[in-house]
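Asks: Below is a structure I'd like to ask you about.
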Amino acid sequence: MKVLVTGAAGFIGSYVALYLTARGDDVVGLDNFNDYYDVSLKRARHQRIERFVAGTLEEAVYADVCRPPAERGAFRMVEGDLSDRALVEELFAGQQFDKVVHLAAQAGVRYSIENPHAYIDSNIVGTMNILEGCRHHRVAHLVYASSSSVYGANESMPFSVHDNVDHPLSLYAASKKANELMAHTYSHLYDLPTTGLRFFTVYGPWGRPDMALFLFTRAILAGKPIDVFNYGKHRRDFTYIDDIVEGIIRTLDHTAAANPQWSGKQPDPGTSNAPWRVYNIGNQNPVELLDYIGAIEEALGRKAQKNLLPLQPGDVPDTYADVQALVDDVAYRPATDVREGVKRFVDWYTAFYQVG
């Protein structure tokens with residue numbers, strides 16, 4: 001296949017590009033390399049993909065599907081912005097993609113309070129451009145990133161795709177809900193198969209510097225206190241990057257189809273009479289933040305100085321994924337324990353930044 005991966009220099013996107021090229025698919029990446037966080041980390045992820053495709057990367061990558069260098073898929077990075085309509089139109093017209101994995105977005109719940117326009121430009125306008133490209137060039141399947149944040153004020157646990165999600169608590173969450181609605185419209189009007197994936201707190205090596213694991217590790221190593229919101233009492237369904245990639249690839253290979261039992265009299269929010277689906281991808285095992293910090297301390301061999309603070313605006317107290325729909329449809333099975341995943345991150349972090 002030829003696959004477009006948006007956000008290919010991002011945390012999740014770079015792993016997806018690696019997996020697809022490892023098994024022999026050709027990948028075109030699109031990323032704007034913006035400065036929301038350290039651009040050099042994004043460049044390093046890009047270089048990692050290039051080295052892997054060229055056969056010069058020393059680390060093992062997806063050994064279960066990895067082909068010899070001569071048989072790996074091609075990779076090309078296009079540097080540009082999703083909101084640039086002309087660029088996206090030209091990309092689709094010139095490449096004729098079989099499938100699209102749309103992961104690029106302006107991320108971050110807290111930043112959406114400071115800079116809301118960035119979320120409209122990237123998450124709404126950008127997704128619109130991708131949908132139009134898929135529609136006009138008959139892409140066989142669009143898989144796109146949604147978020148656990150869409151559950152907003154919901155308190156029923158675990159969060160299920162069959163729950164209503166009409167009460168977001170941040171503009172970021174609202175933009176992700178909007179993406180799901182936009183995708184449904186295109187699935188209904190143009191018979192475009194689309195699958196939305198609600199990610200639950202993704203972590204692991206090469207992760208985002210604005211996420212808790214990165215921030216805590218950096219501060220603990222520097223001997224600085226860490227800000228622990230909600231006094232450390234909230235829980236997150238921390239999901240290791242390899243388990244996320246497994247879910248993405250399995251859904252990409254399982255084209256969304258209409259649910260023949262769907263009824264407009266009792267509408268199921270997780271399926272449709274159009275070829276549209278949404279799924280949770282989580283570890284299905286929520287961990288209290290203080291226990292997560294304990295895993296970091298254990299991996300580092302150092303204790304954290306904790307600055308206990310109240311819950312921040314836009315944050316939800318707990319997340320917990322019901323992944324049964326994904327298990328039923330694609331046999332998804334998250335397998336990475338949080339302590340093992342945190343240790344792998346710490347090992348990568350100390351090597352990459354040559355600290356500790």
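For the structure tokens, the naming scheme is as follows: chains receive sequential letters (A, B, ...) according to their order of presentation, residues are indexed from 1 within each chain, and ligands are indexed from 1 in presentation order.
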Show me a table, sorted first by chain and then by increasing residue number, of the residues of region 244-353 of chain A having an atom at most 10 Å from region 85-101 of chain A, each with its shortest atom pair and the distance in Å to one decimal, counting only C-alpha atoms and written as CSV.

Replies:
residue,atom,partner,partner_atom,distance
A:Ile248,CA,A:Val101,CA,8.3
A:Ile249,CA,A:Val101,CA,9.3
A:Leu252,CA,A:Val101,CA,7.7
A:Asp253,CA,A:Lys99,CA,9.4
A:Thr255,CA,A:Lys99,CA,9.8

Asks: Based on DSSP run over this structure's backbone, return all residues of region 86-162 of chain A in alpha helix (DSSP H), as a PyMOL selection string.

Replies: chain A and resi 86-95+111-114+116-119+126-136

Asks: Need to verify the contact set: Ser156 (chain A), 12 Å, only C-alpha atoms, exclusion of same-chain residues closer than 6 positions in sequence. Can you return it as a PyMOL selection string?

Replies: chain A and resi 162-165+318-322

Asks: Pick out the residues sitting within 9 Å of region 169-185 of chain A, and hand them over as a PyMOL selection string; count only C-alpha atoms, and ignore anything fewer than 2 positions along from it in its own chain.

Replies: chain A and resi 106-113+116+119-120+123-124+127-128+131+142+144-153+165-167+187-190+192-196+198+272+274-278+313-316

Asks: Could you name the residues that touch Ser122 (chain A) at 8 Å or less, counting only C-alpha atoms, but leaving out those on the same chain fewer than 3 positions away, as an MDAnalysis selection string?

Replies: chainID A and resid 82:83 104:106 118:119 125:127

Asks: Please, which residues in region 207-287 of chain A fall within 8 Å of region 23-46 of chain A when counting only C-alpha atoms, and what is the closest atom pair and distance in Å to one decimal for each, ordered by chain then residue number, as a Markdown table?

Replies:
| residue | atom | partner | partner_atom | distance |
| --- | --- | --- | --- | --- |
| A:Arg208 | CA | A:Tyr37 | CA | 7.7 |
| A:Pro209 | CA | A:Tyr37 | CA | 6.7 |
| A:Asp210 | CA | A:Tyr37 | CA | 7.2 |

Asks: Using all heavy atoms, can you export the residues from the last selection as a short mmCIF file (atom, residue, chain, number, x, y, z; two decimals), in the first residue's frame?

Replies:
data_model
loop_
_atom_site.label_atom_id
_atom_site.label_comp_id
_atom_site.auth_asym_id
_atom_site.auth_seq_id
_atom_site.Cartn_x
_atom_site.Cartn_y
_atom_site.Cartn_z
N ARG A 208 6.16 12.87 24.00
CA ARG A 208 6.05 14.33 23.96
C ARG A 208 6.58 14.95 25.23
O ARG A 208 6.22 14.52 26.33
CB ARG A 208 4.59 14.74 23.76
CG ARG A 208 4.13 14.66 22.32
CD ARG A 208 2.68 15.01 22.14
NE ARG A 208 2.07 15.83 23.16
CZ ARG A 208 0.79 15.71 23.53
NH1 ARG A 208 0.02 14.79 22.99
NH2 ARG A 208 0.30 16.50 24.47
N PRO A 209 7.37 16.02 25.13
CA PRO A 209 7.92 16.68 26.32
C PRO A 209 6.90 17.39 27.19
O PRO A 209 7.21 17.76 28.32
CB PRO A 209 8.91 17.70 25.73
CG PRO A 209 9.24 17.18 24.38
CD PRO A 209 7.99 16.53 23.89
N ASP A 210 5.68 17.61 26.70
CA ASP A 210 4.66 18.27 27.52
C ASP A 210 3.84 17.28 28.34
O ASP A 210 2.97 17.68 29.11
CB ASP A 210 3.73 19.11 26.63
CG ASP A 210 2.96 18.26 25.63
OD1 ASP A 210 3.54 17.29 25.10
OD2 ASP A 210 1.78 18.56 25.35
#

Asks: Pick out each residue of region 17-172 of chain A that DSSP on the backbone tags as strand (DSSP E); I need them as a VMD selection string.

Replies: chain A and resid 26 to 31 75 to 79 99 to 102 141 to 147

Asks: Which one is closest to Gly73 (chain A): A:Asn115, A:Thr21, A:Gln47, A:Ser14? Count only C-alpha atoms.

Replies: A:Thr21

Asks: For Val327 (chain A), list every protein, DNA or RNA residue within 10 Å, evaluated using only C-alpha atoms, and leave out those in the same chain fewer than 4 positions away; present the list as a ChimeraX atom specification.

Replies: /A:247,279,281,322-323,331-334

Asks: Using only C-alpha atoms, which of the listed residues (A:Asn230, A:Thr217, A:Thr56, A:Thr350) sits closest to Gly294 (chain A)?

Replies: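 Using only C-alpha atoms, Gly294 (chain A) sits closest to A:Thr217.
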
Asks: Could you list, as a PyMOL selection string, every residue within 10 Å of Ala299 (chain A), counting only C-alpha atoms and ignoring same-chain residues fewer than 6 positions away?

Replies: chain A and resi 217+293+339-340+342-347

Asks: Next, dump the selected residues to file, keeping only N, CA, C and O atoms, as a compact mmCIF listing (two decimals), in the first residue's frame.

Replies:
# COMPACT_ATOMS: atom_id res chain seq x y z
N THR A 217 10.23 13.03 34.74
CA THR A 217 11.57 12.45 34.63
C THR A 217 12.63 13.54 34.58
O THR A 217 13.65 13.48 35.28
N ILE A 293 3.96 7.95 39.46
CA ILE A 293 5.17 8.63 39.90
C ILE A 293 6.09 7.64 40.62
O ILE A 293 7.31 7.67 40.46
N ARG A 339 4.84 -0.36 34.81
CA ARG A 339 6.21 -0.30 35.34
C ARG A 339 7.23 -0.66 34.27
O ARG A 339 8.29 -0.04 34.19
N GLU A 340 6.90 -1.63 33.43
CA GLU A 340 7.82 -1.99 32.34
C GLU A 340 7.88 -0.87 31.31
O GLU A 340 8.96 -0.51 30.83
N VAL A 342 7.29 2.37 31.75
CA VAL A 342 8.01 3.51 32.31
C VAL A 342 9.51 3.26 32.31
O VAL A 342 10.30 4.16 31.98
N LYS A 343 9.91 2.04 32.65
CA LYS A 343 11.34 1.72 32.64
C LYS A 343 11.93 1.88 31.23
O LYS A 343 13.04 2.40 31.07
N ARG A 344 11.20 1.45 30.22
CA ARG A 344 11.69 1.59 28.85
C ARG A 344 11.84 3.06 28.48
O ARG A 344 12.80 3.45 27.80
N PHE A 345 10.88 3.89 28.92
CA PHE A 345 11.00 5.32 28.65
C PHE A 345 12.23 5.89 29.34
O PHE A 345 12.99 6.66 28.72
N VAL A 346 12.41 5.58 30.61
CA VAL A 346 13.54 6.13 31.36
C VAL A 346 14.86 5.70 30.73
O VAL A 346 15.80 6.50 30.61
N ASP A 347 14.96 4.46 30.30
CA ASP A 347 16.17 3.98 29.63
C ASP A 347 16.44 4.79 28.36
O ASP A 347 17.58 5.17 28.08

Asks: State, in Å with one decimal place, the distance from CA of Pro168 (chain A) to CA of Arg135 (chain A).

Replies: 28.2 Å

Asks: Taking only C-alpha atoms into account, name the residue in A:His141, A:Lys303, A:His102, A:His234 that is nearest to Phe216 (chain A).

Replies: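 Of A:His141, A:Lys303, A:His102, A:His234, the one nearest Phe216 (chain A) is A:Lys303, counting only C-alpha atoms.
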
Asks: Hey, which of A:Ala257, A:Ala335, A:Ile244, A:Val228 ends up closest to Asn307 (chain A)? Count only C-alpha atoms.

Replies: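 Ranked by minimum distance to Asn307 (chain A), first place goes to A:Val228.
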